[in-house]
Every structure is written in C-alpha cells, then in structure tokens.
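Notes follow the structure.
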Amino acid sequence: KPGDEVLITDQEHTSGRAGWYMKAQRFGTTVREVKLPVPPQSAAQLADVVTSAIGPRTKMISFSGIVSGLGFLMPSREICDYARSKGILTLVDGAHMHGQVPVRISDLHCDFFAGSPHKWMFAPAGCGVLYVREDVQDRLWPSIVTGNWDKRKLGAARFMQVGTNNRAIFEGMLAGLEFHNHIGSDRVFGRIHELAKTVYTKAAEVPYLKILSPADDSMWGGLVSFEITKDPAPLWPKLREKKVWTTGGKRMRMSTHVHTRPEDIDVFFEILRETLG
C-alpha cells in the first residue's frame, strides 16, 4: 500500500529491482536499498546486515538467493525466518540457484521464489519458476490474466492462466531438468564448485586482481568474481581473438558451468598474464 516499504539490497539484478521501483512510482510504495559488504566475511554477517535494516514500514524483503553480479550465496533461510517472525513477507530471486547449487525451495522458508532455469539447468530462454507459499497465495494478484485467474481451488496453478502457452518452452525445460537429474545435483555442484575453487586460487595469485568473492568457499557455488585494478583495455581484443567472450569492464564474474573444462580456465588466465603482465 502507499507508504509501505520494500527492502532490497544494493546488489540486486536490474530485473530484480525494476519491478519494485515501478511499483513505487505507480502506487506510492517506497524502496530502500541495504548496502552489502563486499566481500562478506560470513553468512551471519549478511543475515545481520539485512535483518537489522528492517524498519517500522517494512512489509517485504526482496533479495537474491545467489547475488547475480558477485556470486555469493545469501543466507536465505535465516533472513526469511526472521522476517516471518516480524510479519514481513519475503521474496527470493533464485535466478542463479537452479542447476548451480542443490536447493529445495521449501527449505528456504520464503513466501515467494522466482527462478530462471535457463541459466544453469540448460532450459530454454523464456521459461521460469514461480513458487508461492500456500498461506500467502490469496495475497498475490496475477499480472497476466485470462479465464480461471480467480479460481482459488486451482491453488498456485491459477497464476499459470495466461492464455496460449509455448509448448516448446515447457518441453525444453523438462529436458533440461531430466539431463540435470540424470547427472545428479550433487555431482553437478561438485564439478562446478571445484572448477570455481580453481578460479579463486588462480585469481589470488595475480597481484592486480582484487577478489570480491568471500574467502569461505561454502558461500559460493560456481561463480567467482574479481576486479582488475589496472587498465584492462589490452585484454579484451586478445580474449575475442581466442574466442573467450566477456562483457568487458574492470569487474568480472567467472561462471564455471558443468561443461566448463579446466583448460578453459587456464586459457583465460594465460591471456590475462600475457596482456596485463
């Protein structure tokens, strides 16, 4: 309602913050951002930073389960449990969770969860996951509606009443899920995490890289981030020449997917040293 506050962090993805700011402009709600420590020292520190920022008008906390730009895991359950004890709703942006880390949505204790399995689970672009805790389903208004949008007995399925669906997207998502489950979440995580630890170790050996990921590797999965502290301009054309694709910029996030090879990581750091010394 007008005057109600949504608490987010300063590390949210553009898509994770834009909806709240649009709602603020349209309906008079407010958005307040909490500054996260980079790198964080512990999960407990992150939980405390978020929960201690709760104010008298806070009605919702919206945060990433895995911070998109930096890759560290947020203590979702601790934040959600504390918020619920205060009567505050929680939404976890789980865009990077499915396929990267083993997770059961119900174990997070959040009220809402939004997932993007096209990132780590080989699902096609355009598909997604919405979870709404049963106790709060009546409090959510669907944004796209057709017949049966208000049929409560459908439960969460009423949020899927959007007209004609693209069957290919569903089939592609199920195929990605089947592939992932065939390998096994624990085996997938074991590989991508081991590769990410290799990235962290190699980055720590480069004097002009400032590591932004936590030192505690239990706080990240397959994402390691760092900042280049010297001019990176010579790096980009050489990377393109070797077909290593980046978005540019001094801050970089390396994503070690299940298909990433150790030699792929080696190539990047070889080019880094060749061009920047």
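Residues in the structure tokens are numbered from 1 in each chain, the chains being A, B, ... in the order shown, and ligands are numbered from 1 in the order shown.
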
Worksheet entry | 12 Å contact set for A:Pro40, only C-alpha atoms, chain neighbours under 5 positions out, as a PyMOL selection string | chain A and resi 35+45-49+67+70-75+211-217+219-220

Using only C-alpha atoms, find each residue of stretch 96-117 of chain A with at least one atom at most 12 Å away from an atom of stretch 3-15 of chain A; report its shortest atom-to-atom pair and that distance in Å (one decimal), sort the rows by chain and rising residue number, and return the result as CSV.
```
residue,atom,partner,partner_atom,distance
A:His96,CA,A:His13,CA,10.9
A:Ala114,CA,A:Ser15,CA,11.2
A:Ser116,CA,A:Ser15,CA,11.6
```

Just the residues within 9 Å of stretch 144-158 of chain A, please, counting only C-alpha atoms, with nothing from its chain fewer than 5 positions along; format it as a compact mmCIF listing (two decimals) with all heavy atoms, in the first residue's frame.
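Final output, selection.txt:
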```
# COMPACT_ATOMS: atom_id res chain seq x y z
N LEU A 130 7.88 -20.02 -10.66
CA LEU A 130 7.29 -19.18 -9.61
C LEU A 130 6.77 -20.08 -8.52
O LEU A 130 5.98 -20.99 -8.78
CB LEU A 130 6.15 -18.32 -10.16
CG LEU A 130 5.34 -17.56 -9.09
CD1 LEU A 130 6.21 -16.50 -8.41
CD2 LEU A 130 4.10 -16.92 -9.70
N TYR A 131 7.23 -19.83 -7.31
CA TYR A 131 6.74 -20.55 -6.13
C TYR A 131 6.05 -19.55 -5.21
O TYR A 131 6.59 -18.46 -4.95
CB TYR A 131 7.91 -21.20 -5.39
CG TYR A 131 7.59 -21.69 -3.99
CD1 TYR A 131 7.09 -22.97 -3.76
CD2 TYR A 131 7.81 -20.86 -2.88
CE1 TYR A 131 6.81 -23.41 -2.48
CE2 TYR A 131 7.53 -21.30 -1.59
CZ TYR A 131 7.03 -22.57 -1.39
OH TYR A 131 6.75 -23.01 -0.12
N VAL A 132 4.85 -19.90 -4.78
CA VAL A 132 4.11 -19.06 -3.84
C VAL A 132 3.69 -19.94 -2.67
O VAL A 132 2.98 -20.93 -2.86
CB VAL A 132 2.86 -18.42 -4.50
CG1 VAL A 132 2.21 -17.44 -3.53
CG2 VAL A 132 3.21 -17.74 -5.80
N ARG A 133 4.13 -19.61 -1.48
CA ARG A 133 3.75 -20.40 -0.31
C ARG A 133 2.24 -20.41 -0.16
O ARG A 133 1.58 -19.39 -0.34
CB ARG A 133 4.42 -19.83 0.94
CG ARG A 133 4.28 -20.71 2.18
CD ARG A 133 5.23 -20.23 3.29
NE ARG A 133 4.91 -18.87 3.72
CZ ARG A 133 3.99 -18.59 4.65
NH1 ARG A 133 3.28 -19.55 5.21
NH2 ARG A 133 3.77 -17.33 4.99
N GLU A 134 1.68 -21.57 0.14
CA GLU A 134 0.23 -21.74 0.14
C GLU A 134 -0.49 -20.72 1.01
O GLU A 134 -1.55 -20.20 0.64
CB GLU A 134 -0.12 -23.15 0.59
CG GLU A 134 -1.57 -23.53 0.37
CD GLU A 134 -1.85 -24.99 0.62
OE1 GLU A 134 -0.95 -25.69 1.12
OE2 GLU A 134 -2.97 -25.44 0.30
N GLN A 137 -0.96 -17.34 -0.96
CA GLN A 137 -1.42 -17.32 -2.35
C GLN A 137 -2.56 -16.33 -2.57
O GLN A 137 -2.65 -15.69 -3.62
CB GLN A 137 -1.84 -18.72 -2.79
CG GLN A 137 -0.66 -19.64 -3.04
CD GLN A 137 -1.08 -21.04 -3.44
OE1 GLN A 137 -2.25 -21.29 -3.73
NE2 GLN A 137 -0.13 -21.97 -3.44
N ASP A 138 -3.43 -16.18 -1.59
CA ASP A 138 -4.55 -15.26 -1.74
C ASP A 138 -4.13 -13.80 -1.71
O ASP A 138 -4.92 -12.91 -2.06
CB ASP A 138 -5.59 -15.49 -0.62
CG ASP A 138 -6.37 -16.78 -0.84
OD1 ASP A 138 -6.30 -17.33 -1.96
OD2 ASP A 138 -7.04 -17.24 0.10
N GLY A 163 -3.31 -17.72 -21.03
CA GLY A 163 -3.64 -17.88 -22.44
C GLY A 163 -2.81 -18.98 -23.07
O GLY A 163 -2.34 -19.89 -22.40
```

Discussion item. If I take atom CA of A:Val244 and atom CA of A:His180, how far is one from the other in Å, to one decimal?
Written reply: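 Atom-to-atom, atom CA of A:Val244 to atom CA of A:His180, that is 25.2 Å.
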
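Scanning stretch 33-121 of chain A with DSSP on the backbone, the alpha helix (DSSP H) assignments fall on Ala43, Ala44, Gln45, Leu46, Ala47, Asp48, Val49, Val50, Thr51, Ser76, Arg77, Glu78, Ile79, Cys80, Asp81, Tyr82, Ala83, Arg84 and Ser85 of chain A.
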
Tell me, as a short mmCIF file (atom, residue, chain, number, x, y, z; two decimals) with all heavy atoms, in the first residue's frame, which residues lie within 12 Å of A:Tyr200, counting only C-alpha atoms; anything in the same chain fewer than 4 positions away does not count.
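Written file, part_29.cif:
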```cif
data_model
loop_
_atom_site.label_atom_id
_atom_site.label_comp_id
_atom_site.auth_asym_id
_atom_site.auth_seq_id
_atom_site.Cartn_x
_atom_site.Cartn_y
_atom_site.Cartn_z
N HIS A 193 31.81 -26.48 -8.53
CA HIS A 193 32.43 -25.83 -7.35
C HIS A 193 33.94 -26.05 -7.35
O HIS A 193 34.71 -25.14 -7.00
CB HIS A 193 31.81 -26.37 -6.07
CG HIS A 193 32.23 -25.63 -4.84
ND1 HIS A 193 32.03 -24.28 -4.68
CD2 HIS A 193 32.87 -26.05 -3.72
CE1 HIS A 193 32.50 -23.90 -3.50
NE2 HIS A 193 33.02 -24.95 -2.92
N GLU A 194 34.36 -27.23 -7.74
CA GLU A 194 35.80 -27.50 -7.81
C GLU A 194 36.46 -26.60 -8.85
O GLU A 194 37.55 -26.06 -8.64
CB GLU A 194 36.04 -28.97 -8.14
CG GLU A 194 37.46 -29.44 -7.88
CD GLU A 194 37.86 -29.34 -6.41
OE1 GLU A 194 37.00 -29.53 -5.53
OE2 GLU A 194 39.06 -29.07 -6.16
N LEU A 195 35.78 -26.42 -9.99
CA LEU A 195 36.30 -25.51 -11.02
C LEU A 195 36.34 -24.07 -10.51
O LEU A 195 37.30 -23.34 -10.78
CB LEU A 195 35.42 -25.60 -12.27
CG LEU A 195 35.50 -26.89 -13.08
CD1 LEU A 195 34.38 -26.96 -14.11
CD2 LEU A 195 36.85 -27.02 -13.77
N ALA A 196 35.30 -23.68 -9.75
CA ALA A 196 35.28 -22.32 -9.21
C ALA A 196 36.41 -22.10 -8.21
O ALA A 196 37.01 -21.02 -8.16
CB ALA A 196 33.92 -22.04 -8.57
N ALA A 204 43.81 -15.40 -7.00
CA ALA A 204 44.54 -14.96 -5.81
C ALA A 204 46.03 -14.81 -6.08
O ALA A 204 46.73 -14.09 -5.35
CB ALA A 204 44.31 -15.94 -4.66
N GLU A 205 46.52 -15.47 -7.13
CA GLU A 205 47.95 -15.41 -7.46
C GLU A 205 48.30 -14.21 -8.34
O GLU A 205 49.48 -13.96 -8.59
CB GLU A 205 48.36 -16.71 -8.17
CG GLU A 205 48.24 -17.94 -7.30
CD GLU A 205 48.42 -19.23 -8.09
OE1 GLU A 205 48.43 -19.15 -9.35
OE2 GLU A 205 48.54 -20.30 -7.46
N VAL A 206 47.28 -13.49 -8.80
CA VAL A 206 47.51 -12.35 -9.69
C VAL A 206 47.46 -11.06 -8.86
O VAL A 206 46.41 -10.74 -8.29
CB VAL A 206 46.46 -12.29 -10.82
CG1 VAL A 206 46.73 -11.11 -11.74
CG2 VAL A 206 46.46 -13.60 -11.61
N LEU A 209 44.56 -8.38 -9.33
CA LEU A 209 43.16 -8.79 -9.21
C LEU A 209 42.72 -8.68 -7.75
O LEU A 209 43.38 -9.23 -6.87
CB LEU A 209 42.96 -10.23 -9.71
CG LEU A 209 43.19 -10.51 -11.18
CD1 LEU A 209 42.83 -11.95 -11.51
CD2 LEU A 209 42.40 -9.56 -12.07
N LYS A 210 41.65 -7.96 -7.54
CA LYS A 210 41.06 -7.85 -6.20
C LYS A 210 39.86 -8.78 -6.14
O LYS A 210 38.86 -8.57 -6.83
CB LYS A 210 40.63 -6.40 -5.93
CG LYS A 210 39.93 -6.22 -4.60
CD LYS A 210 39.42 -4.79 -4.46
CE LYS A 210 38.64 -4.61 -3.16
NZ LYS A 210 38.08 -3.23 -3.05
N ILE A 211 39.96 -9.82 -5.34
CA ILE A 211 38.90 -10.82 -5.29
C ILE A 211 37.72 -10.27 -4.49
O ILE A 211 37.87 -9.75 -3.38
CB ILE A 211 39.40 -12.13 -4.67
CG1 ILE A 211 40.51 -12.72 -5.54
CG2 ILE A 211 38.25 -13.13 -4.53
CD1 ILE A 211 41.08 -14.02 -5.04
N LEU A 212 36.53 -10.38 -5.07
CA LEU A 212 35.31 -9.88 -4.44
C LEU A 212 34.48 -10.99 -3.81
O LEU A 212 33.54 -10.71 -3.07
CB LEU A 212 34.46 -9.13 -5.48
CG LEU A 212 35.18 -8.00 -6.23
CD1 LEU A 212 34.27 -7.42 -7.30
CD2 LEU A 212 35.63 -6.92 -5.25
N SER A 213 34.82 -12.23 -4.12
CA SER A 213 34.12 -13.37 -3.54
C SER A 213 34.62 -13.62 -2.12
O SER A 213 35.79 -13.33 -1.81
CB SER A 213 34.33 -14.63 -4.39
OG SER A 213 33.79 -14.47 -5.67
N PRO A 214 33.77 -14.17 -1.24
CA PRO A 214 34.20 -14.47 0.12
C PRO A 214 35.33 -15.50 0.14
O PRO A 214 35.41 -16.37 -0.74
CB PRO A 214 32.93 -15.04 0.78
CG PRO A 214 31.80 -14.62 -0.08
CD PRO A 214 32.35 -14.51 -1.48
N ALA A 215 36.18 -15.42 1.14
CA ALA A 215 37.26 -16.39 1.28
C ALA A 215 36.70 -17.77 1.62
O ALA A 215 37.29 -18.80 1.26
CB ALA A 215 38.23 -15.93 2.36
N ASP A 216 35.57 -17.80 2.29
CA ASP A 216 34.90 -19.06 2.66
C ASP A 216 34.17 -19.60 1.45
O ASP A 216 33.15 -19.06 1.02
CB ASP A 216 33.93 -18.78 3.81
CG ASP A 216 33.19 -20.04 4.27
OD1 ASP A 216 33.40 -21.11 3.67
OD2 ASP A 216 32.40 -19.94 5.23
N ASP A 217 34.67 -20.70 0.87
CA ASP A 217 34.09 -21.20 -0.38
C ASP A 217 32.71 -21.83 -0.19
O ASP A 217 32.04 -22.14 -1.17
CB ASP A 217 35.04 -22.19 -1.06
CG ASP A 217 35.13 -23.53 -0.33
OD1 ASP A 217 35.97 -23.63 0.59
OD2 ASP A 217 34.38 -24.45 -0.67
N TRP A 220 29.80 -19.71 -1.88
CA TRP A 220 29.56 -19.59 -3.32
C TRP A 220 29.58 -20.97 -3.96
O TRP A 220 30.03 -21.95 -3.35
CB TRP A 220 30.56 -18.66 -4.02
CG TRP A 220 31.97 -18.65 -3.52
CD1 TRP A 220 32.50 -17.84 -2.55
CD2 TRP A 220 33.07 -19.48 -3.97
NE1 TRP A 220 33.83 -18.11 -2.38
CE2 TRP A 220 34.21 -19.10 -3.23
CE3 TRP A 220 33.19 -20.48 -4.92
CZ2 TRP A 220 35.46 -19.70 -3.41
CZ3 TRP A 220 34.43 -21.09 -5.11
CH2 TRP A 220 35.54 -20.69 -4.37
N GLY A 221 29.03 -21.01 -5.17
CA GLY A 221 28.94 -22.28 -5.88
C GLY A 221 29.85 -22.31 -7.09
O GLY A 221 31.00 -22.72 -7.00
N GLY A 222 29.34 -21.83 -8.24
CA GLY A 222 30.12 -21.84 -9.46
C GLY A 222 30.41 -20.44 -9.98
O GLY A 222 30.68 -20.28 -11.18
N LEU A 223 30.34 -19.45 -9.12
CA LEU A 223 30.58 -18.06 -9.52
C LEU A 223 31.66 -17.44 -8.64
O LEU A 223 31.52 -17.41 -7.41
CB LEU A 223 29.30 -17.23 -9.39
CG LEU A 223 28.15 -17.56 -10.35
CD1 LEU A 223 26.88 -16.81 -9.93
CD2 LEU A 223 28.52 -17.20 -11.78
N VAL A 224 32.71 -16.94 -9.26
CA VAL A 224 33.77 -16.24 -8.55
C VAL A 224 33.96 -14.89 -9.23
O VAL A 224 34.04 -14.82 -10.47
CB VAL A 224 35.09 -17.04 -8.56
CG1 VAL A 224 36.24 -16.20 -8.00
CG2 VAL A 224 34.94 -18.33 -7.76
N SER A 225 34.02 -13.85 -8.44
CA SER A 225 34.15 -12.51 -9.03
C SER A 225 35.40 -11.81 -8.53
O SER A 225 35.87 -12.05 -7.41
CB SER A 225 32.91 -11.67 -8.70
OG SER A 225 32.73 -11.56 -7.31
N PHE A 226 35.92 -10.94 -9.37
CA PHE A 226 37.10 -10.16 -9.01
C PHE A 226 37.11 -8.87 -9.81
O PHE A 226 36.37 -8.71 -10.78
CB PHE A 226 38.39 -10.95 -9.23
CG PHE A 226 38.49 -11.60 -10.58
CD1 PHE A 226 38.90 -10.90 -11.69
CD2 PHE A 226 38.19 -12.95 -10.72
CE1 PHE A 226 38.99 -11.50 -12.94
CE2 PHE A 226 38.28 -13.57 -11.96
CZ PHE A 226 38.68 -12.84 -13.07
N ARG A 253 32.98 -11.56 -13.49
CA ARG A 253 32.43 -12.73 -12.80
C ARG A 253 32.66 -13.94 -13.68
O ARG A 253 32.20 -13.97 -14.82
CB ARG A 253 30.94 -12.54 -12.56
CG ARG A 253 30.28 -13.67 -11.78
CD ARG A 253 28.76 -13.58 -11.89
NE ARG A 253 28.33 -13.90 -13.27
CZ ARG A 253 27.11 -13.67 -13.74
NH1 ARG A 253 26.21 -13.07 -12.98
NH2 ARG A 253 26.79 -14.01 -14.97
N MET A 254 33.38 -14.91 -13.19
CA MET A 254 33.62 -16.13 -13.96
C MET A 254 32.64 -17.20 -13.53
O MET A 254 32.50 -17.51 -12.34
CB MET A 254 35.06 -16.61 -13.78
CG MET A 254 36.08 -15.66 -14.40
SD MET A 254 37.73 -16.39 -14.59
CE MET A 254 37.45 -17.56 -15.91
N SER A 255 31.95 -17.77 -14.53
CA SER A 255 30.93 -18.78 -14.27
C SER A 255 31.47 -20.13 -14.74
O SER A 255 31.69 -20.32 -15.93
CB SER A 255 29.64 -18.44 -15.03
OG SER A 255 29.23 -17.13 -14.76
N THR A 256 31.66 -21.04 -13.81
CA THR A 256 32.17 -22.37 -14.16
C THR A 256 30.99 -23.33 -14.23
O THR A 256 30.52 -23.85 -13.23
CB THR A 256 33.19 -22.86 -13.14
OG1 THR A 256 32.63 -22.78 -11.82
CG2 THR A 256 34.45 -22.01 -13.18
N ILE A 265 39.68 -22.44 -18.21
CA ILE A 265 40.11 -21.52 -17.15
C ILE A 265 41.57 -21.13 -17.37
O ILE A 265 41.95 -19.96 -17.25
CB ILE A 265 39.91 -22.16 -15.77
CG1 ILE A 265 38.43 -22.46 -15.54
CG2 ILE A 265 40.46 -21.26 -14.67
CD1 ILE A 265 38.15 -23.29 -14.32
N PHE A 269 43.42 -17.18 -17.89
CA PHE A 269 44.49 -16.62 -17.06
C PHE A 269 45.80 -16.49 -17.83
O PHE A 269 46.61 -15.58 -17.55
CB PHE A 269 44.67 -17.45 -15.79
CG PHE A 269 43.62 -17.17 -14.75
CD1 PHE A 269 42.52 -17.99 -14.61
CD2 PHE A 269 43.72 -16.05 -13.93
CE1 PHE A 269 41.54 -17.71 -13.66
CE2 PHE A 269 42.75 -15.75 -13.00
CZ PHE A 269 41.65 -16.59 -12.86
#
```

Discussion item. Under the rule that only C-alpha atoms are counted, which of A:Arg57, A:Arg139, A:Lys242, A:His109 is the nearest residue to A:Ser76?
Written reply: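 That would be A:His109, the residue with the smallest distance to A:Ser76.
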
Worksheet entry | Atom pair atom CA of A:Ser42 / atom CA of A:Pro117: separation (Å) |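 Between atom CA of A:Ser42 and atom CA of A:Pro117 the gap is 27.0 Å.
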
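With only C-alpha atoms as the basis for measurement, A:Phe63 is the residue among A:Phe268, A:Trp20, A:Phe63, A:Tyr82 that approaches A:Leu36 most closely.
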
Worksheet item: Using the chain letters and numbers from this document, which residues of stretch 48-142 of chain A does DSSP assign to strand (DSSP E), as a VMD selection string?
Response: chain A and resid 58 to 64 89 to 94 112 to 115 129 to 132

Worksheet item: Neighbours of A:Glu178 within 12 Å (only C-alpha atoms; same-chain residues fewer than 4 positions away dropped), as a VMD selection string?
Response: chain A and resid 99 121 to 123 171 to 174 182 to 185

Worksheet item: For A:Gly176, which residue among A:Met252, A:Leu91, A:Ala125, A:Ile79 is the nearest when counting only C-alpha atoms?
Response: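 Under the stated criterion, the closest residue is A:Ala125.
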
Selection: 8 Å around A:Leu89, only C-alpha atoms, excl. self and same-chain fewer than 5 positions, as a compact mmCIF listing (two decimals) with C-alpha atoms, in the first residue's frame:
```txt
# COMPACT_ATOMS: atom_id res chain seq x y z
CA LYS A 59 6.42 -5.05 4.58
CA MET A 60 8.57 -7.04 2.15
CA ILE A 61 12.20 -8.12 1.82
CA CYS A 80 13.19 -15.45 5.80
CA ALA A 83 11.24 -11.71 8.56
CA ARG A 84 8.31 -14.05 9.15
CA CYS A 110 10.42 -17.83 1.73
CA ASP A 111 6.94 -16.65 0.79
```

Worksheet item: Quick one: distance from atom CA of A:Phe170 to atom CA of A:Lys119 in Å, one decimal?
Response: 15.2 Å

Item to complete: Measuring atom to atom with only C-alpha atoms, identify which of A:Ala95, A:Leu272, A:Leu177, A:Met22 is nearest to A:Trp236.
Response: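 Ranking A:Ala95, A:Leu272, A:Leu177, A:Met22 by distance to A:Trp236, first place goes to A:Leu272.
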